[in-house]
file coords08.txt (compact mmCIF, C-alpha atoms)
# COMPACT_ATOMS: atom_id res chain seq x y z
CA MET J 1 161.41 40.84 56.73
CA PHE J 2 159.17 43.72 57.75
CA ARG J 3 156.08 41.57 57.17
CA SER J 4 157.56 38.78 59.28
CA LEU J 5 158.30 41.20 62.13
CA ARG J 6 154.81 42.66 61.87
CA ASN J 7 153.18 39.22 62.01
CA ALA J 8 155.36 38.22 64.96
CA PHE J 9 154.42 41.41 66.80
CA ILE J 10 150.70 40.87 66.18
CA THR J 11 151.02 37.26 67.36
CA GLY J 12 152.76 38.44 70.52
CA VAL J 13 150.02 40.98 71.18
CA LEU J 14 147.36 38.30 70.76
CA VAL J 15 149.21 36.02 73.17
CA ILE J 16 149.68 38.66 75.86
CA LEU J 17 146.30 40.39 75.42
CA PRO J 18 144.19 37.97 77.54
CA LEU J 19 146.77 38.07 80.34
CA GLY J 20 147.00 41.85 80.14
CA VAL J 21 143.23 42.31 80.25
CA THR J 22 143.01 39.91 83.20
CA MET J 23 145.67 41.85 85.12
CA ILE J 24 143.92 45.16 84.37
CA VAL J 25 140.60 43.79 85.66
CA ILE J 26 142.24 42.41 88.82
CA SER J 27 144.06 45.71 89.42
CA PHE J 28 140.84 47.66 88.89
CA LEU J 29 138.94 45.46 91.35
CA LEU J 30 141.65 45.77 93.99
CA GLU J 31 142.14 49.52 93.69
CA LYS J 32 138.64 50.80 92.88
CA LEU J 33 136.62 48.25 94.83
CA GLY J 34 138.90 46.49 97.29
CA THR J 35 140.53 49.57 98.84
CA PRO J 36 137.33 51.55 99.62
CA ALA J 37 135.55 48.41 100.81
CA SER J 38 138.50 47.44 102.98
CA ASN J 39 138.57 50.88 104.60
CA PHE J 40 134.83 50.61 105.21
CA PHE J 41 134.70 47.07 106.60
CA PHE J 42 137.97 47.06 108.56
CA TRP J 43 138.24 50.66 109.78
CA TYR J 44 138.63 49.48 113.38
CA LEU J 45 141.92 47.62 112.76
CA ASP J 46 145.28 49.13 113.70
CA PRO J 47 146.48 51.20 110.68
CA ASP J 48 150.11 50.09 111.14
CA TRP J 49 149.10 46.42 111.05
CA ARG J 50 146.57 46.92 108.26
CA ASP J 51 149.13 48.66 106.00
CA LEU J 52 151.37 45.58 105.86
CA PRO J 53 151.47 44.44 102.18
CA ALA J 54 150.28 40.88 102.82
CA VAL J 55 147.54 41.97 105.24
CA GLU J 56 146.42 44.80 102.94
CA LEU J 57 146.08 42.43 99.98
CA LEU J 58 144.17 39.88 102.08
CA LEU J 59 141.75 42.51 103.38
CA LYS J 60 141.14 43.78 99.84
CA LEU J 61 140.36 40.27 98.59
CA ILE J 62 138.01 39.64 101.50
CA SER J 63 136.31 42.98 100.89
CA ILE J 64 135.78 42.17 97.18
CA VAL J 65 134.19 38.83 98.10
CA VAL J 66 131.91 40.55 100.63
CA VAL J 67 130.83 43.18 98.07
CA PHE J 68 130.04 40.50 95.47
CA MET J 69 128.03 38.58 98.08
CA LEU J 70 126.05 41.72 98.96
CA ILE J 71 125.31 42.38 95.28
CA THR J 72 124.20 38.75 94.85
CA LEU J 73 121.92 39.01 97.88
CA LEU J 74 120.47 42.21 96.43
CA GLY J 75 119.73 40.34 93.19
CA PHE J 76 117.92 37.56 95.08
CA PHE J 77 116.07 40.09 97.24
CA SER J 78 114.85 42.02 94.18
CA LYS J 79 112.95 38.94 92.96
CA PHE J 80 110.55 39.05 95.90
CA PHE J 81 107.56 41.37 96.21
CA LEU J 82 109.00 43.41 99.07
CA GLY J 83 112.30 43.84 97.23
CA ARG J 84 110.56 44.95 94.03
CA MET J 85 108.44 47.41 96.02
CA ILE J 86 111.50 48.94 97.72
CA LEU J 87 113.40 49.22 94.42
CA SER J 88 110.37 50.79 92.76
CA SER J 89 110.10 53.36 95.55
CA LEU J 90 113.81 54.13 95.24
CA GLU J 91 113.45 54.59 91.46
CA GLN J 92 110.56 57.00 91.98
CA LEU J 93 112.65 58.96 94.48
CA LEU J 94 115.61 59.21 92.08
CA ASP J 95 113.25 60.18 89.27
CA ARG J 96 112.30 63.35 91.17
CA VAL J 97 115.85 64.62 91.67
CA PRO J 98 117.02 66.98 88.88
CA LEU J 99 120.12 65.94 86.90
CA ILE J 100 120.33 62.61 88.78
CA ASN J 101 117.08 61.46 87.18
CA THR J 102 118.53 62.08 83.70
CA ILE J 103 121.65 60.05 84.49
CA TYR J 104 119.62 57.28 86.10
CA ARG J 105 117.18 57.02 83.17
CA THR J 106 120.02 56.88 80.64
CA VAL J 107 121.88 54.14 82.50
CA LYS J 108 118.67 52.20 83.10
CA GLN J 109 117.78 52.32 79.39
CA ILE J 110 121.24 50.98 78.48
CA VAL J 111 120.95 48.15 81.02
CA ASP J 112 117.41 47.27 79.91
CA THR J 113 118.50 47.21 76.27
CA PHE J 114 121.35 44.79 76.94
CA SER J 115 119.23 42.56 79.18
CA GLN J 116 116.50 42.34 76.53
CA GLN J 117 119.07 41.49 73.85
CA LYS J 118 120.43 38.74 76.08
CA LYS J 119 116.98 37.19 76.39
CA ALA J 120 116.41 37.29 72.62
CA VAL J 121 118.16 33.96 72.01
CA PHE J 122 117.44 31.31 69.42
CA GLN J 123 114.92 28.77 70.66
CA GLU J 124 114.66 26.13 67.92
CA VAL J 125 115.95 25.27 64.47
CA VAL J 126 113.23 25.48 61.82
CA LEU J 127 112.80 24.81 58.12
CA ILE J 128 110.82 27.14 55.86
CA GLU J 129 110.12 27.53 52.16
CA TYR J 130 112.08 30.55 50.93
CA PRO J 131 112.40 32.42 48.58
CA ARG J 132 109.95 30.32 46.55
CA PRO J 133 107.86 27.17 47.05
CA ARG J 134 109.85 23.90 47.28
CA CYS J 135 113.04 25.84 48.07
CA TYR J 136 114.02 25.44 51.72
CA VAL J 137 116.29 27.29 54.15
CA LEU J 138 117.26 26.77 57.77
CA GLY J 139 116.26 29.41 60.27
CA PHE J 140 116.07 29.97 64.00
CA LEU J 141 112.92 30.61 65.97
CA THR J 142 113.32 33.65 68.22
CA GLY J 143 109.77 33.78 69.56
CA ASP J 144 106.19 34.75 68.83
CA ALA J 145 105.48 38.04 67.11
CA LYS J 146 103.84 40.55 69.42
CA GLY J 147 101.52 43.52 69.28
CA GLU J 148 100.28 45.01 66.03
CA THR J 149 101.74 42.21 63.87
CA GLN J 150 99.58 39.56 65.50
CA GLN J 151 96.53 41.82 65.44
CA ALA J 152 96.91 42.64 61.74
CA ILE J 153 97.31 39.02 60.59
CA LYS J 154 94.83 37.59 63.14
CA GLU J 155 96.76 34.32 63.50
CA ASN J 156 99.82 33.12 65.38
CA ILE J 157 102.92 34.62 63.73
CA LEU J 158 106.47 33.45 64.53
CA ASN J 159 109.67 35.46 64.32
CA ILE J 160 112.24 33.53 62.28
CA PHE J 161 115.84 34.70 61.88
CA ILE J 162 117.41 33.55 58.59
CA PRO J 163 121.24 33.70 58.83
CA THR J 164 123.57 33.98 55.86
CA THR J 165 126.25 31.46 54.87
CA PRO J 166 129.05 31.25 55.92
CA ASN J 167 128.67 34.24 58.27
CA PRO J 168 125.64 33.57 60.51
CA THR J 169 125.97 36.89 62.36
CA SER J 170 124.19 38.64 59.49
CA GLY J 171 120.79 37.78 58.09
CA PHE J 172 117.21 38.95 58.07
CA LEU J 173 113.95 38.51 59.92
CA LEU J 174 110.87 36.76 58.55
CA MET J 175 107.47 36.78 60.24
CA LEU J 176 105.61 33.65 59.21
CA PRO J 177 102.39 31.89 60.20
CA GLU J 178 103.08 28.96 62.47
CA SER J 179 101.59 26.59 59.88
CA ASP J 180 104.36 27.55 57.41
CA VAL J 181 107.15 26.66 59.83
CA THR J 182 108.55 23.14 60.26
CA LYS J 183 110.36 22.68 63.57
CA LEU J 184 113.41 20.40 63.57
CA LYS J 185 114.92 18.29 66.36
CA MET J 186 118.54 19.34 65.73
CA SER J 187 120.22 21.59 68.29
CA ILE J 188 121.07 25.23 67.73
CA ALA J 189 124.78 24.30 67.54
CA ASP J 190 124.11 21.69 64.85
CA GLY J 191 122.03 24.18 62.88
CA MET J 192 124.92 26.65 63.03
CA LYS J 193 127.33 23.97 61.77
CA VAL J 194 125.12 23.33 58.73
CA ILE J 195 124.93 27.05 57.90
CA ILE J 196 128.61 27.86 58.48
CA SER J 197 129.76 24.84 56.45
CA GLY J 198 127.37 25.58 53.61
CA GLY J 199 125.67 22.22 54.12
CA ALA J 200 128.93 20.23 54.06
CA VAL J 201 128.48 19.22 57.71
CA VAL J 202 125.08 17.88 58.80
CA PRO J 203 123.99 16.18 62.05
CA ASP J 204 123.02 12.51 62.05
CA PRO J 205 119.32 12.42 63.09
CA GLU J 206 119.89 9.16 65.00
CA THR J 207 123.20 9.70 66.80
CA GLY J 208 123.33 13.49 66.74
CA LYS J 209 126.94 13.39 65.55
CA SER J 210 128.07 15.60 62.68
CA ILE J 211 128.58 13.98 59.28
CA GLN J 212 130.81 15.60 56.69
CA ILE J 213 129.53 15.17 53.14
CA ASP J 214 132.49 14.90 50.77
CA ASN J 215 130.45 14.01 47.68
CA PRO J 216 126.82 15.24 47.75
CA THR J 217 125.94 13.03 44.76
CA GLU J 218 127.09 9.88 46.53
CA ALA J 219 125.35 10.88 49.75
CA SER J 220 122.05 11.42 47.94
CA SER J 221 122.30 8.08 46.11
CA GLU J 222 122.83 6.25 49.39
call {"tool": "encode", "arguments": {"input": "coords08.txt", "output": "structure tokens"}}
result
Amino acid sequence: MFRSLRNAFITGVLVILPLGVTMIVISFLLEKLGTPASNFFFWYLDPDWRDLPAVELLLKLISIVVVFMLITLLGFFSKFFLGRMILSSLEQLLDRVPLINTIYRTVKQIVDTFSQQKKAVFQEVVLIEYPRPRCYVLGFLTGDAKGETQQAIKENILNIFIPTTPNPTSGFLLMLPESDVTKLKMSIADGMKVIISGGAVVPDPETGKSIQIDNPTEASSE
């Protein structure tokens, strides 16, 4: 009985969790972003009229939209030469202010780390011989090796991530000459299906649809 109650409670938490997180985010945006922005953008309105619940909520929503638009415009502006020059000057100014420069550098390093990790995505599915000749594994190309690795080998080296089965979130990195890597036409999603299923689900090279192999012996004889 206790186990049943515990499982029911956990299920209830899982059901309500997305809604709860959504409500917390909305409340945070309205209170921490909407209220200050509303006071800034609509300071000239009559306080008695602005404090009406419906009007207050509407002004907060409008203010949030305006703030998001300004941030988006800042992102577009930063891509141009003048925008990059202004941002660079602002960074240099903040870098000279004691205490603030430490906070700014720390936050910037965290942001740069996450943005670099986001760019390090799988590019192609590849086939390599590992851990011995005529033994093959699927891997994912993450890009060309850079810096000292390329200089030491003196040929084009590729970074290949080899995931484990059935958990593809763990694995290891191999740096291989491009000549030792066979690139496949299957998509990243299809490659993941093969790895997670332990080879039981493979994509059809002609249609691209997944095929489930119930009897590997029969499939190989066909």
call {"tool": "residues_around", "arguments": {"input": "coords08.txt", "residues": "range 186-199 of chain J", "least_positions_apart": "3", "cutoff": "6 Å", "atoms": "only C-alpha atoms", "output": "CSV table (one decimal) with C-alpha atoms, in the frame of the given file"}}
result
chain,number,residue,atom,x,y,z
J,165,THR,CA,126.2,31.5,54.9
J,166,PRO,CA,129.0,31.2,55.9
J,202,VAL,CA,125.1,17.9,58.8
call {"tool": "atom_distance", "arguments": {"input": "coords08.txt", "atom1": "CA of Ile162 in chain J", "atom2": "CA of Arg134 in chain J"}}
result
16.7 Å
call {"tool": "closest_residue", "arguments": {"input": "coords08.txt", "among": "J:Leu138, J:Leu176, J:Ile128, J:Met69", "to": "Thr164 in chain J", "atoms": "only C-alpha atoms"}}
result
J:Leu138
call {"tool": "atom_distance", "arguments": {"input": "coords08.txt", "atom1": "CA of Tyr130 in chain J", "atom2": "CA of Thr149 in chain J"}}
result
20.3 Å
call {"tool": "atom_distance", "arguments": {"input": "coords08.txt", "atom1": "CA of Leu158 in chain J", "atom2": "CA of Leu141 in chain J"}}
result
7.2 Å
call {"tool": "residues_around", "arguments": {"input": "coords08.txt", "residues": "range 151-154 of chain J", "least_positions_apart": "5", "cutoff": "12 Å", "atoms": "all atoms listed in the file", "output": "list in words"}}
result
Ala145, Lys146, Met175, Leu176, Pro177 and Glu178 of chain J
call {"tool": "closest_residue", "arguments": {"input": "coords08.txt", "among": "J:Val67, J:Val201, J:Ile160, J:Ser170", "to": "Glu129 in chain J", "atoms": "all atoms listed in the file"}}
result
J:Ile160
call {"tool": "closest_residue", "arguments": {"input": "coords08.txt", "among": "J:Asn159, J:Asp95, J:Phe122, J:Thr35", "to": "Asp51 in chain J", "atoms": "only C-alpha atoms"}}
result
J:Thr35
call {"tool": "residues_around", "arguments": {"input": "coords08.txt", "residues": "Pro163 in chain J", "least_positions_apart": "4", "cutoff": "8 Å", "atoms": "only C-alpha atoms", "output": "ChimeraX atom specification"}}
result
/J:139,167-172,195
call {"tool": "closest_residue", "arguments": {"input": "coords08.txt", "among": "J:Leu99, J:Met85, J:Val181, J:Val55", "to": "Leu127 in chain J", "atoms": "only C-alpha atoms"}}
result
J:Val181
call {"tool": "closest_residue", "arguments": {"input": "coords08.txt", "among": "J:Ser179, J:Ala200, J:Phe42, J:Thr102", "to": "Glu155 in chain J", "atoms": "only C-alpha atoms"}}
result
J:Ser179
